[in-house]
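*Asks:* This is the content of coords_29.txt (compact mmCIF, C-alpha atoms and all ligand atoms):
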```txt
# COMPACT_ATOMS: atom_id res chain seq x y z
CA MET A 1 0.00 0.00 0.00
CA ALA A 2 1.41 3.42 -0.96
CA LYS A 3 1.38 5.95 1.85
CA ILE A 4 2.58 9.56 1.94
CA VAL A 5 4.94 10.08 4.85
CA ASN A 6 7.00 12.99 6.08
CA VAL A 7 10.70 12.74 5.20
CA ASP A 8 11.48 12.70 8.94
CA GLU A 9 9.51 9.47 9.22
CA VAL A 10 11.20 7.71 6.33
CA ILE A 11 13.16 4.70 7.53
CA PRO A 12 16.15 3.54 5.42
CA GLY A 13 15.02 0.60 3.34
CA MET A 14 11.60 2.03 2.50
CA ALA A 15 11.09 2.43 -1.26
CA PRO A 16 9.33 5.31 -3.05
CA ALA A 17 6.07 4.28 -4.68
CA ALA A 18 6.75 6.77 -7.50
CA ASN A 19 9.71 8.72 -8.88
CA VAL A 20 10.72 11.56 -6.56
CA TYR A 21 11.28 15.06 -7.96
CA ASP A 22 12.36 18.27 -6.26
CA ARG A 23 10.12 21.36 -6.09
CA ARG A 24 11.29 22.49 -9.55
CA GLY A 25 10.51 19.15 -11.12
CA ARG A 26 14.09 17.83 -11.24
CA PHE A 27 14.38 14.08 -10.95
CA LEU A 28 15.96 12.96 -7.64
CA ILE A 29 15.31 9.28 -6.89
CA GLY A 30 13.64 6.54 -8.89
CA LYS A 31 10.57 4.50 -7.97
CA ASP A 32 11.26 1.33 -5.95
CA VAL A 33 14.88 2.29 -5.13
CA PRO A 34 15.40 1.36 -1.43
CA LEU A 35 16.12 4.63 0.37
CA THR A 36 19.42 5.01 2.23
CA SER A 37 20.33 7.64 4.85
CA ARG A 38 22.17 9.48 2.05
CA HIS A 39 18.98 9.57 -0.03
CA ILE A 40 17.07 10.97 2.94
CA ARG A 41 19.71 13.71 3.31
CA ILE A 42 19.37 14.51 -0.43
CA LEU A 43 15.58 14.77 -0.11
CA LYS A 44 15.95 17.20 2.78
CA ALA A 45 18.66 19.22 1.00
CA TRP A 46 16.30 19.77 -1.93
CA GLY A 47 13.39 20.68 0.28
CA VAL A 48 11.30 17.54 -0.30
CA MET A 49 8.97 17.24 2.68
CA GLU A 50 6.83 14.22 1.89
CA VAL A 51 7.40 11.10 -0.09
CA SER A 52 5.04 8.37 -1.17
CA VAL A 53 6.44 5.02 0.02
CA ASP A 54 5.25 1.43 -0.12
CA ILE A 55 4.25 0.14 3.32
CA PRO A 56 3.02 -3.42 3.98
CA GLU A 57 -0.70 -3.56 4.88
CA ASN A 58 -0.07 -4.64 8.46
CA GLU A 59 2.36 -1.79 9.24
CA SER A 60 0.60 1.46 9.96
CA VAL A 61 2.56 4.67 10.44
CA ASP A 62 -0.33 6.45 12.08
CA ALA A 63 -1.99 3.90 14.33
CA LEU A 64 -4.60 5.76 16.36
CA PRO A 65 -5.14 5.29 20.07
CA ASP A 66 -8.57 4.29 21.34
CA ILE A 67 -10.87 7.12 22.39
CA GLU A 68 -13.79 6.62 24.75
CA ASP A 69 -17.33 6.76 23.45
CA LYS A 70 -18.25 9.66 25.74
CA TYR A 71 -15.95 11.85 23.60
CA LEU A 72 -16.64 10.21 20.24
CA ALA A 73 -20.45 10.50 20.46
CA PRO A 74 -20.69 14.32 20.84
CA ALA A 75 -17.85 14.75 18.34
CA GLU A 76 -19.74 12.69 15.79
CA GLN A 77 -23.00 14.54 16.40
CA TYR A 78 -21.25 17.89 15.95
CA MET A 79 -19.43 16.82 12.79
CA LYS A 80 -22.67 15.52 11.28
CA ARG A 81 -24.00 19.09 11.43
CA LYS A 82 -20.82 20.46 9.85
CA PHE A 83 -20.88 17.83 7.11
CA ALA A 84 -24.65 18.23 6.54
CA GLY A 85 -24.17 19.37 2.92
CA THR A 86 -21.95 16.42 1.97
CA ASP A 87 -22.45 12.82 0.90
CA LEU A 88 -21.09 10.80 3.81
CA ASP A 89 -21.28 7.60 1.75
CA TYR A 90 -18.71 8.94 -0.71
CA ALA A 91 -15.34 7.40 0.24
CA PRO A 92 -13.16 10.58 0.40
CA VAL A 93 -15.84 12.40 2.44
CA ALA A 94 -16.32 9.38 4.72
CA GLU A 95 -12.58 9.27 5.45
CA LEU A 96 -12.33 13.01 6.11
CA PHE A 97 -15.38 12.79 8.38
CA ARG A 98 -13.86 9.87 10.32
CA LEU A 99 -10.60 11.79 10.83
CA CYS A 100 -12.45 14.94 11.93
CA VAL A 101 -14.59 13.03 14.44
CA ARG A 102 -11.45 11.50 15.98
CA ARG A 103 -9.72 14.87 16.00
CA LYS A 104 -12.66 16.56 17.71
CA ALA A 105 -13.03 13.71 20.22
CA THR A 106 -9.31 13.96 21.03
CA ALA A 107 -9.69 17.73 21.55
CA LEU A 108 -12.66 17.13 23.87
CA LYS A 109 -10.69 14.59 25.86
CA SER A 110 -7.67 16.89 26.22
CA GLY A 111 -9.89 19.85 27.16
CA THR A 112 -8.82 22.07 24.22
CA GLU A 113 -12.43 21.85 22.98
CA SER A 114 -15.66 21.96 24.99
CA GLU A 115 -19.24 20.97 24.32
CA SER A 116 -20.43 24.47 25.23
CA ARG A 117 -18.14 26.03 22.60
CA MET A 118 -19.35 23.49 20.06
CA ALA A 119 -22.96 24.40 20.83
CA ARG A 120 -22.21 28.07 20.07
CA GLU A 121 -20.65 27.26 16.69
CA PHE A 122 -23.95 27.25 14.82
CA GLU A 123 -25.59 30.20 16.59
CA ILE A 124 -27.22 32.66 14.22
CA PRO A 125 -25.65 36.12 14.48
CA ALA A 126 -27.96 39.12 14.31
CA GLY A 127 -28.37 40.06 10.66
CA ALA A 128 -29.03 43.46 9.15
CA SER A 129 -31.90 44.56 6.98
CA VAL A 130 -30.82 44.96 3.42
CA PHE A 131 -33.17 46.83 1.12
CA PRO A 132 -33.28 46.07 -2.62
CA ASN A 133 -31.92 49.47 -3.68
CA GLN A 134 -28.95 49.08 -1.33
CA LYS A 135 -28.31 45.72 -2.89
CA GLU A 136 -28.19 47.28 -6.34
CA LYS A 137 -25.83 49.99 -5.11
CA LEU A 138 -23.49 47.42 -3.64
CA ARG A 139 -23.53 45.30 -6.77
CA ASN A 140 -22.41 48.34 -8.75
CA LEU A 141 -19.78 49.22 -6.22
CA LEU A 142 -18.28 45.77 -6.25
CA SER A 143 -18.49 45.07 -9.94
CA ASP A 144 -15.35 45.41 -11.98
CA PRO A 145 -14.09 47.99 -12.96
CA VAL A 146 -15.98 49.93 -10.26
CA LEU A 147 -13.96 47.98 -7.69
CA ASN A 148 -11.28 50.53 -8.57
CA ASN A 149 -13.31 53.07 -6.59
CA ILE A 150 -12.97 51.18 -3.34
CA ASP A 151 -10.31 52.84 -1.30
CA LEU A 152 -8.06 49.83 -0.78
CA PRO A 153 -4.88 50.11 1.24
CA SER A 154 -2.22 50.97 -1.32
CA LEU A 155 0.40 48.40 -2.10
CA PRO A 156 4.04 49.50 -2.08
CA THR A 157 5.97 50.19 -5.31
CA ILE A 158 7.95 46.99 -4.86
CA PHE A 159 4.71 45.03 -5.29
CA HIS A 160 4.22 46.49 -8.76
CA ARG A 161 7.85 45.90 -9.70
CA LEU A 162 7.44 42.25 -8.70
CA THR A 163 4.26 41.82 -10.74
CA ASN A 164 6.06 43.36 -13.74
CA VAL A 165 8.83 40.81 -13.32
CA ILE A 166 6.47 37.86 -12.97
CA ASN A 167 4.43 38.96 -16.01
CA ASN A 168 7.48 39.57 -18.22
CA PRO A 169 8.77 36.34 -19.79
CA ARG A 170 12.14 37.99 -20.46
CA SER A 171 12.90 38.82 -16.81
CA SER A 172 15.76 36.88 -15.27
CA SER A 173 16.43 35.31 -11.88
CA LYS A 174 18.81 38.18 -11.19
CA ASP A 175 15.96 40.71 -11.69
CA VAL A 176 13.93 38.93 -9.00
CA ALA A 177 16.85 38.68 -6.58
CA ASP A 178 17.72 42.37 -7.14
CA ILE A 179 14.17 43.61 -6.49
CA VAL A 180 13.51 41.45 -3.42
CA SER A 181 16.94 42.20 -1.94
CA LEU A 182 16.29 45.96 -2.24
CA ASP A 183 13.65 45.72 0.48
CA THR A 184 15.40 44.44 3.58
CA GLY A 185 12.16 43.87 5.51
CA LEU A 186 10.64 41.83 2.68
CA SER A 187 13.77 39.78 2.02
CA ALA A 188 14.19 39.03 5.73
CA ARG A 189 10.60 37.78 5.92
CA VAL A 190 10.92 35.71 2.75
CA LEU A 191 14.18 34.15 4.00
CA ARG A 192 12.63 33.29 7.36
CA ILE A 193 9.78 31.48 5.63
CA VAL A 194 12.13 29.71 3.20
CA ASN A 195 14.27 28.58 6.15
CA SER A 196 11.28 27.35 8.17
CA ALA A 197 10.50 23.67 8.70
CA PHE A 198 7.74 24.21 6.10
CA TYR A 199 10.42 24.03 3.39
CA GLY A 200 12.73 21.67 5.20
CA PHE A 201 15.98 22.65 3.47
CA ALA A 202 18.87 20.96 5.25
CA SER A 203 21.22 23.97 5.20
CA LYS A 204 20.49 27.58 5.94
CA ILE A 205 19.65 29.84 2.99
CA ASP A 206 21.07 33.23 3.89
CA ASN A 207 20.42 35.30 0.77
CA ILE A 208 17.72 35.77 -1.83
CA SER A 209 19.98 34.79 -4.77
CA ARG A 210 20.49 31.38 -3.20
CA ALA A 211 16.76 31.05 -2.51
CA VAL A 212 16.10 31.84 -6.19
CA ILE A 213 18.58 29.12 -7.27
CA LEU A 214 16.99 26.52 -4.99
CA MET A 215 13.34 27.38 -5.47
CA GLY A 216 13.14 29.14 -8.81
CA ALA A 217 12.57 32.81 -9.67
CA LYS A 218 8.79 32.51 -10.12
CA GLN A 219 8.37 30.69 -6.83
CA ILE A 220 10.29 33.33 -4.89
CA THR A 221 8.43 36.15 -6.65
CA ALA A 222 5.08 34.54 -5.81
CA LEU A 223 6.14 34.13 -2.19
CA ALA A 224 7.34 37.75 -2.00
CA LEU A 225 4.02 38.95 -3.50
CA GLY A 226 2.07 36.89 -0.96
CA VAL A 227 4.12 38.33 1.90
CA GLN A 228 3.47 41.87 0.59
CA ILE A 229 -0.29 41.36 0.31
CA VAL A 230 -0.63 39.84 3.77
CA ASN A 231 1.57 42.60 5.16
CA THR A 232 -0.61 45.29 3.63
CA PHE A 233 -3.90 43.74 4.74
CA LYS A 234 -3.06 42.28 8.11
CA ASN A 235 -3.81 45.40 10.09
CA ILE A 236 -7.16 46.34 8.59
CA PRO A 237 -9.81 46.07 11.27
CA GLY A 238 -11.90 42.93 11.30
CA GLU A 239 -15.39 44.06 12.17
CA LEU A 240 -17.14 40.82 11.44
CA ILE A 241 -14.76 38.01 11.93
CA ASN A 242 -11.58 37.55 13.83
CA MET A 243 -8.75 38.53 11.48
CA GLU A 244 -6.34 36.13 13.13
CA SER A 245 -8.80 33.33 12.42
CA PHE A 246 -9.18 34.53 8.81
CA TRP A 247 -5.43 34.42 8.15
CA LYS A 248 -5.14 31.11 9.97
CA HIS A 249 -7.70 29.71 7.53
CA SER A 250 -5.83 31.26 4.58
CA VAL A 251 -2.34 30.10 5.60
CA SER A 252 -3.70 26.61 6.43
CA CYS A 253 -5.26 26.40 2.97
CA GLY A 254 -1.92 27.47 1.46
CA ILE A 255 -0.06 24.77 3.40
CA ALA A 256 -2.66 22.15 2.44
CA ALA A 257 -2.69 23.14 -1.25
CA ARG A 258 1.09 23.11 -1.39
CA THR A 259 1.25 19.70 0.29
CA LEU A 260 -1.28 18.28 -2.19
CA ALA A 261 0.71 19.77 -5.09
CA ARG A 262 3.91 18.20 -3.73
CA CYS A 263 2.15 14.83 -3.40
CA LYS A 264 1.26 15.17 -7.08
CA ASN A 265 4.87 16.08 -7.90
CA MET A 266 3.69 19.36 -9.38
CA PRO A 267 6.61 21.74 -9.94
CA ASN A 268 4.66 24.93 -9.14
CA SER A 269 3.75 24.15 -5.56
CA GLU A 270 4.64 27.69 -4.45
CA ARG A 271 1.94 29.17 -6.62
CA MET A 272 -0.43 26.77 -4.90
CA PHE A 273 0.65 28.12 -1.52
CA ILE A 274 -0.07 31.68 -2.68
CA GLY A 275 -3.39 30.56 -4.22
CA GLY A 276 -4.40 29.07 -0.86
CA LEU A 277 -3.22 32.16 0.97
CA LEU A 278 -5.34 34.47 -1.22
CA HIS A 279 -8.29 32.20 -2.08
CA ASP A 280 -10.83 33.96 0.19
CA ILE A 281 -9.44 37.50 -0.13
CA GLY A 282 -12.77 38.54 -1.68
CA ARG A 283 -14.36 37.89 1.74
CA LEU A 284 -11.86 40.22 3.35
CA ILE A 285 -13.08 42.93 1.00
CA ILE A 286 -16.74 42.20 1.82
CA TYR A 287 -16.14 42.16 5.58
CA ASN A 288 -14.19 45.38 5.53
CA PHE A 289 -15.84 47.45 2.85
CA ALA A 290 -19.43 46.19 3.03
CA PRO A 291 -19.74 44.84 6.60
CA ILE A 292 -23.56 45.16 6.71
CA TYR A 293 -23.83 42.79 3.77
CA GLY A 294 -21.14 40.53 5.11
CA ARG A 295 -23.05 40.18 8.39
CA GLU A 296 -26.31 39.54 6.56
CA ALA A 297 -24.66 36.91 4.36
CA ILE A 298 -23.30 35.09 7.42
CA ALA A 299 -26.70 35.32 9.18
CA THR A 300 -28.54 34.09 6.05
CA ALA A 301 -26.15 31.13 5.69
CA ARG A 302 -26.77 30.04 9.31
CA ARG A 303 -30.53 30.71 9.22
CA LYS A 304 -31.13 28.79 6.01
CA GLU A 305 -28.34 26.28 6.70
CA ILE A 306 -26.82 26.96 3.29
CA PHE A 307 -23.23 27.52 2.23
CA LEU A 308 -21.93 31.02 2.84
CA ASN A 309 -20.92 31.13 -0.80
CA ASP A 310 -24.58 30.82 -1.86
CA ALA A 311 -25.75 33.23 0.84
CA GLU A 312 -23.31 35.84 -0.56
CA ARG A 313 -24.97 35.46 -3.93
CA CYS A 314 -28.45 35.98 -2.37
CA VAL A 315 -27.46 38.97 -0.25
CA LEU A 316 -24.79 40.69 -2.31
CA GLY A 317 -25.58 39.49 -5.80
CA VAL A 318 -21.94 38.52 -6.14
CA ARG A 319 -19.71 35.85 -4.58
CA HIS A 320 -16.36 36.35 -2.84
CA THR A 321 -14.68 34.43 -5.68
CA GLU A 322 -15.73 37.10 -8.20
CA ILE A 323 -14.65 39.94 -5.92
CA GLY A 324 -11.30 38.22 -5.31
CA ARG A 325 -10.84 37.81 -9.05
CA SER A 326 -11.53 41.52 -9.71
CA LEU A 327 -9.07 42.48 -7.02
CA LEU A 328 -6.28 40.29 -8.36
CA LYS A 329 -6.95 41.59 -11.87
CA ARG A 330 -6.65 45.11 -10.58
CA TRP A 331 -3.34 44.22 -8.92
CA LYS A 332 -2.16 42.65 -12.22
CA LEU A 333 -1.29 39.37 -10.54
CA PRO A 334 -0.61 36.50 -12.95
CA VAL A 335 -3.77 35.07 -14.51
CA SER A 336 -2.82 31.64 -13.12
CA ILE A 337 -3.18 32.93 -9.54
CA GLU A 338 -6.36 34.84 -10.47
CA HIS A 339 -7.86 31.55 -11.70
CA LEU A 340 -7.02 29.73 -8.47
CA VAL A 341 -9.01 32.36 -6.57
CA ALA A 342 -11.86 32.62 -9.10
CA TYR A 343 -12.50 28.87 -9.40
CA HIS A 344 -11.69 27.49 -5.96
CA HIS A 345 -15.36 26.57 -5.38
CA THR A 346 -16.07 25.57 -9.00
CA PRO A 347 -12.83 24.07 -10.33
CA MET A 348 -14.54 22.07 -13.07
CA SER A 349 -15.63 25.34 -14.73
CA ALA A 350 -12.00 26.46 -15.10
CA GLN A 351 -10.16 26.05 -18.38
CA THR A 352 -7.33 24.26 -16.57
CA PRO A 353 -9.10 22.71 -13.57
CA MET A 354 -6.29 20.77 -11.85
CA GLU A 355 -4.79 23.60 -9.78
CA PRO A 356 -8.12 25.16 -8.66
CA ALA A 357 -9.24 21.59 -7.83
CA LEU A 358 -6.36 21.20 -5.39
CA ILE A 359 -7.20 24.55 -3.75
CA CYS A 360 -10.83 23.37 -3.52
CA ILE A 361 -9.83 20.11 -1.77
CA ALA A 362 -7.37 22.01 0.48
CA ASP A 363 -10.17 24.44 1.49
CA ILE A 364 -12.52 21.53 2.27
CA ILE A 365 -9.90 19.89 4.52
CA VAL A 366 -9.16 23.18 6.32
CA ASN A 367 -12.87 23.90 6.90
CA ALA A 368 -13.40 20.34 8.14
CA ILE A 369 -10.59 20.50 10.72
CA GLU A 370 -11.59 24.07 11.63
CA SER A 371 -8.14 25.56 11.26
CA GLY A 372 -9.24 29.20 11.45
CA SER A 373 -12.29 30.40 9.53
CA SER A 374 -13.23 32.83 6.80
CA GLY A 375 -16.87 32.76 7.95
CA GLU A 376 -18.02 29.44 6.49
CA LYS A 377 -19.29 26.97 9.10
CA LEU A 378 -20.20 24.06 6.83
CA VAL A 379 -17.96 21.66 4.99
CA HIS A 380 -18.41 21.73 1.22
CA SER A 381 -19.00 18.44 -0.50
CA VAL A 382 -16.23 16.82 -2.49
CA ASN A 383 -17.40 16.74 -6.10
CA PRO A 384 -16.60 13.27 -7.53
CA ASN A 385 -15.45 14.79 -10.86
CA THR A 386 -13.08 17.10 -9.02
CA TRP A 387 -11.77 14.28 -6.84
CA ASP A 388 -11.23 11.94 -9.80
CA LEU A 389 -9.45 14.69 -11.70
CA THR A 390 -6.93 15.20 -8.87
CA GLY A 391 -6.13 11.48 -8.77
CA LEU A 392 -5.68 11.77 -5.00
CA SER A 393 -6.51 8.99 -2.57
CA PRO A 394 -8.19 9.49 0.83
CA GLY A 395 -4.89 8.33 2.37
CA VAL A 396 -3.52 11.81 1.64
CA PHE A 397 -5.65 13.52 4.32
CA PRO A 398 -3.57 12.58 7.40
CA ALA A 399 -0.36 13.82 5.70
CA VAL A 400 -2.00 17.14 4.82
CA ILE A 401 -3.48 17.62 8.30
CA LYS A 402 -0.12 16.76 9.86
CA GLN A 403 1.62 19.42 7.74
CA ILE A 404 -0.95 22.05 8.80
CA ASP A 405 -0.54 21.13 12.47
CA ARG A 406 3.26 21.22 12.19
CA GLN A 407 3.75 24.36 10.15
CA LEU A 408 0.86 26.71 10.80
CA ALA A 409 2.12 28.43 13.96
CA GLU A 410 5.59 29.00 12.51
CA ILE A 411 4.37 30.41 9.19
CA ILE A 412 1.84 32.66 10.93
CA ARG A 413 4.62 33.97 13.16
CA PHE A 414 6.87 34.71 10.17
CA PHE A 415 4.08 36.52 8.36
CA PHE A 416 2.71 38.50 11.27
CA HIS A 417 5.45 39.12 13.81
CA ASP A 418 8.73 40.88 13.33
FE FE A 501 -13.92 30.42 -0.62
FE FE A 502 -11.81 29.15 2.30
```
Is it possible to express this structure as structure tokens?
Ligand SMILES: [Fe+2]
Ligand SMILES: [Fe+2]
*Replies:*
Amino acid sequence: MAKIVNVDEVIPGMAPAANVYDRRGRFLIGKDVPLTSRHIRILKAWGVMEVSVDIPENESVDALPDIEDKYLAPAEQYMKRKFAGTDLDYAPVAELFRLCVRRKATALKSGTESESRMAREFEIPAGASVFPNQKEKLRNLLSDPVLNNIDLPSLPTIFHRLTNVINNPRSSSKDVADIVSLDTGLSARVLRIVNSAFYGFASKIDNISRAVILMGAKQITALALGVQIVNTFKNIPGELINMESFWKHSVSCGIAARTLARCKNMPNSERMFIGGLLHDIGRLIIYNFAPIYGREAIATARRKEIFLNDAERCVLGVRHTEIGRSLLKRWKLPVSIEHLVAYHHTPMSAQTPMEPALICIADIIVNAIESGSSGEKLVHSVNPNTWDLTGLSPGVFPAVIKQIDRQLAEIIRFFFHD
């Protein structure tokens, strides 16, 4: 049975179930070659975090301890409400549900979760009255190109220089290194993230040029752009939802999307991290620039027990995906990132659905384990077409959840604290 394990858990003698490539798609180790300690060092040196290995059926790397029924029963009841919009008979959903019930039961047992907090989760917040003419006004305000009239926090010049570089096929690695290195605050933050356990490089990367060599110019540019956007938006007041929780959700989705991309040996896993980081940025705009509507959308979703996404459409006439897309267009971010944001709830409508599909699955996992929140309380269903397209197996969930648990606090710290 093939299982995705963290490089730290690889035992010499295990064999990869598929060829192993580095983050830029360079071949490292062939399928079925028994791994030695030297191989494991090579994997770490090139920043490979997970590897798919063959494990005999009777050897489990994540055997779970027993949990008493008094914790499992309320956890299951709670999760059934969260998963109400899904098909629990569908294998990937059933596995995610099982993992979430165990996780919640474990939290109840350890005291980090309580039944009273769980009971408050589905409370309906007070909504606001929205009159039809206001709705029309808002639709105009939010529609592109009128979005240009919203007084967004301005992004620094370096942001625009980076987008020029990423959109110009003739720009070189040196251009990227020169621009990022010019801003000491930005390069320090990027280097701290690159040197975090999230990337797992064996030796310290102490300058941007080296980071560009190891990770690729586009990857570093995407990371630098993500850092800039979070930096610009992190201090705007969160009237409706807890901003820390919003960014926790976003960073978790980035970690999950990147882990899924790595499992698929996709070379552009960094773009997936940025896609996850920005996927719900349209909600940030709603909550901060149209809070009355944001509150009403959240209240409508809870009252009618529908997805927040659909409630946004009822209340605002537009979904956060469309607002996010307009915003990214206005910022001239690469179309590939714009598509990840635009199609993360409807990947099969995208021209190239694979990458938005991974963001979609990442978002579902993050909502299910409740790692932060962007306002949605329900878990979206896994569309069988989307799941089949990704070629993932339900065995990937524990590896993704483990990466979120391991890396979230560190990445949040690097983004938000100096
Ligand atoms: Fe979303
Ligand atoms: Fe989300």
*Asks:* To check your reading of the model: which residues sit at most 8 Å from ligand FE 501 (chain A) when counting only C-alpha atoms and all ligand atoms? Write the answer as a list in words.
*Replies:*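 What falls inside 8 Å of ligand FE 501 (chain A) is His279, Asp280, Arg283, Asn309, His320, Thr321, Val341, His344, His345, Asp363 and Ser374 of chain A.
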*Asks:* Could you list the protein, DNA and RNA residues that have any atom within 12 Å of ligand FE 502 (chain A), counting all atoms listed in the file, and write them as a ChimeraX atom specification?
*Replies:* /A:245-254,256-257,275-284,307-309,320-321,324,340-345,359-368,370-380
*Asks:* How about saving the chosen residues, C-alpha atoms kept, as a PDB file, in the coordinates of the input?
*Replies:*
```pdb
ATOM      1  CA  SER A 245      -8.800  33.330  12.420  1.00  0.00           C
ATOM      2  CA  PHE A 246      -9.180  34.530   8.810  1.00  0.00           C
ATOM      3  CA  TRP A 247      -5.430  34.420   8.150  1.00  0.00           C
ATOM      4  CA  LYS A 248      -5.140  31.110   9.970  1.00  0.00           C
ATOM      5  CA  HIS A 249      -7.700  29.710   7.530  1.00  0.00           C
ATOM      6  CA  SER A 250      -5.830  31.260   4.580  1.00  0.00           C
ATOM      7  CA  VAL A 251      -2.340  30.100   5.600  1.00  0.00           C
ATOM      8  CA  SER A 252      -3.700  26.610   6.430  1.00  0.00           C
ATOM      9  CA  CYS A 253      -5.260  26.400   2.970  1.00  0.00           C
ATOM     10  CA  GLY A 254      -1.920  27.470   1.460  1.00  0.00           C
ATOM     11  CA  ALA A 256      -2.660  22.150   2.440  1.00  0.00           C
ATOM     12  CA  ALA A 257      -2.690  23.140  -1.250  1.00  0.00           C
ATOM     13  CA  GLY A 275      -3.390  30.560  -4.220  1.00  0.00           C
ATOM     14  CA  GLY A 276      -4.400  29.070  -0.860  1.00  0.00           C
ATOM     15  CA  LEU A 277      -3.220  32.160   0.970  1.00  0.00           C
ATOM     16  CA  LEU A 278      -5.340  34.470  -1.220  1.00  0.00           C
ATOM     17  CA  HIS A 279      -8.290  32.200  -2.080  1.00  0.00           C
ATOM     18  CA  ASP A 280     -10.830  33.960   0.190  1.00  0.00           C
ATOM     19  CA  ILE A 281      -9.440  37.500  -0.130  1.00  0.00           C
ATOM     20  CA  GLY A 282     -12.770  38.540  -1.680  1.00  0.00           C
ATOM     21  CA  ARG A 283     -14.360  37.890   1.740  1.00  0.00           C
ATOM     22  CA  LEU A 284     -11.860  40.220   3.350  1.00  0.00           C
ATOM     23  CA  PHE A 307     -23.230  27.520   2.230  1.00  0.00           C
ATOM     24  CA  LEU A 308     -21.930  31.020   2.840  1.00  0.00           C
ATOM     25  CA  ASN A 309     -20.920  31.130  -0.800  1.00  0.00           C
ATOM     26  CA  HIS A 320     -16.360  36.350  -2.840  1.00  0.00           C
ATOM     27  CA  THR A 321     -14.680  34.430  -5.680  1.00  0.00           C
ATOM     28  CA  GLY A 324     -11.300  38.220  -5.310  1.00  0.00           C
ATOM     29  CA  LEU A 340      -7.020  29.730  -8.470  1.00  0.00           C
ATOM     30  CA  VAL A 341      -9.010  32.360  -6.570  1.00  0.00           C
ATOM     31  CA  ALA A 342     -11.860  32.620  -9.100  1.00  0.00           C
ATOM     32  CA  TYR A 343     -12.500  28.870  -9.400  1.00  0.00           C
ATOM     33  CA  HIS A 344     -11.690  27.490  -5.960  1.00  0.00           C
ATOM     34  CA  HIS A 345     -15.360  26.570  -5.380  1.00  0.00           C
ATOM     35  CA  ILE A 359      -7.200  24.550  -3.750  1.00  0.00           C
ATOM     36  CA  CYS A 360     -10.830  23.370  -3.520  1.00  0.00           C
ATOM     37  CA  ILE A 361      -9.830  20.110  -1.770  1.00  0.00           C
ATOM     38  CA  ALA A 362      -7.370  22.010   0.480  1.00  0.00           C
ATOM     39  CA  ASP A 363     -10.170  24.440   1.490  1.00  0.00           C
ATOM     40  CA  ILE A 364     -12.520  21.530   2.270  1.00  0.00           C
ATOM     41  CA  ILE A 365      -9.900  19.890   4.520  1.00  0.00           C
ATOM     42  CA  VAL A 366      -9.160  23.180   6.320  1.00  0.00           C
ATOM     43  CA  ASN A 367     -12.870  23.900   6.900  1.00  0.00           C
ATOM     44  CA  ALA A 368     -13.400  20.340   8.140  1.00  0.00           C
ATOM     45  CA  GLU A 370     -11.590  24.070  11.630  1.00  0.00           C
ATOM     46  CA  SER A 371      -8.140  25.560  11.260  1.00  0.00           C
ATOM     47  CA  GLY A 372      -9.240  29.200  11.450  1.00  0.00           C
ATOM     48  CA  SER A 373     -12.290  30.400   9.530  1.00  0.00           C
ATOM     49  CA  SER A 374     -13.230  32.830   6.800  1.00  0.00           C
ATOM     50  CA  GLY A 375     -16.870  32.760   7.950  1.00  0.00           C
ATOM     51  CA  GLU A 376     -18.020  29.440   6.490  1.00  0.00           C
ATOM     52  CA  LYS A 377     -19.290  26.970   9.100  1.00  0.00           C
ATOM     53  CA  LEU A 378     -20.200  24.060   6.830  1.00  0.00           C
ATOM     54  CA  VAL A 379     -17.960  21.660   4.990  1.00  0.00           C
ATOM     55  CA  HIS A 380     -18.410  21.730   1.220  1.00  0.00           C
TER      56      HIS A 380
END
```
*Asks:* Taking all atoms listed in the file into account, which of A:Arg120, A:Glu244, A:Ala45, A:Val212 comes nearest A:Arg413?
*Replies:*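 Using all atoms listed in the file, the shortest distance to A:Arg413 belongs to A:Glu244.
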*Asks:* Of the residues A:Val230, A:Ala217, A:Val194, A:Ala224, which is the one nearest to A:Ser171, using all atoms listed in the file?
*Replies:* A:Ala217
*Asks:* I'd like the neighbourhood of A:Met348 as a tab-separated table (two decimals) with C-alpha atoms, in the coordinates of the input, where a residue qualifies if any of its atoms comes within 12 Å (using all atoms listed in the file), though same-chain residues fewer than 4 positions away should be ignored.
*Replies:*
```tsv
chain	number	residue	atom	x	y	z
A	339	HIS	CA	-7.86	31.55	-11.70
A	340	LEU	CA	-7.02	29.73	-8.47
A	342	ALA	CA	-11.86	32.62	-9.10
A	343	TYR	CA	-12.50	28.87	-9.40
A	344	HIS	CA	-11.69	27.49	-5.96
A	352	THR	CA	-7.33	24.26	-16.57
A	353	PRO	CA	-9.10	22.71	-13.57
A	354	MET	CA	-6.29	20.77	-11.85
A	355	GLU	CA	-4.79	23.60	-9.78
A	356	PRO	CA	-8.12	25.16	-8.66
A	357	ALA	CA	-9.24	21.59	-7.83
A	358	LEU	CA	-6.36	21.20	-5.39
A	360	CYS	CA	-10.83	23.37	-3.52
A	382	VAL	CA	-16.23	16.82	-2.49
A	383	ASN	CA	-17.40	16.74	-6.10
A	384	PRO	CA	-16.60	13.27	-7.53
A	385	ASN	CA	-15.45	14.79	-10.86
A	386	THR	CA	-13.08	17.10	-9.02
A	387	TRP	CA	-11.77	14.28	-6.84
A	388	ASP	CA	-11.23	11.94	-9.80
A	389	LEU	CA	-9.45	14.69	-11.70
A	390	THR	CA	-6.93	15.20	-8.87
```
*Asks:* Could you state the separation of atom CA of A:Ala94 and atom CA of A:Gly395 in Å, given to one decimal place?
*Replies:*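 Result for atom CA of A:Ala94 versus atom CA of A:Gly395: 11.7 Å, one decimal.
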*Asks:* Could you list, as a list in words, every residue within 10 Å of stretch 104-106 of chain A, counting all atoms listed in the file and ignoring same-chain residues fewer than 2 positions away?
*Replies:* Pro65, Asp66, Ile67, Glu68, Asp69, Lys70, Tyr71, Leu72, Ala73, Pro74, Ala75, Glu76, Tyr78, Met79, Leu99, Cys100, Val101, Arg102, Leu108, Lys109, Ser110, Gly111, Thr112, Glu113, Ser114, Met118, Ile369 and Glu370 of chain A
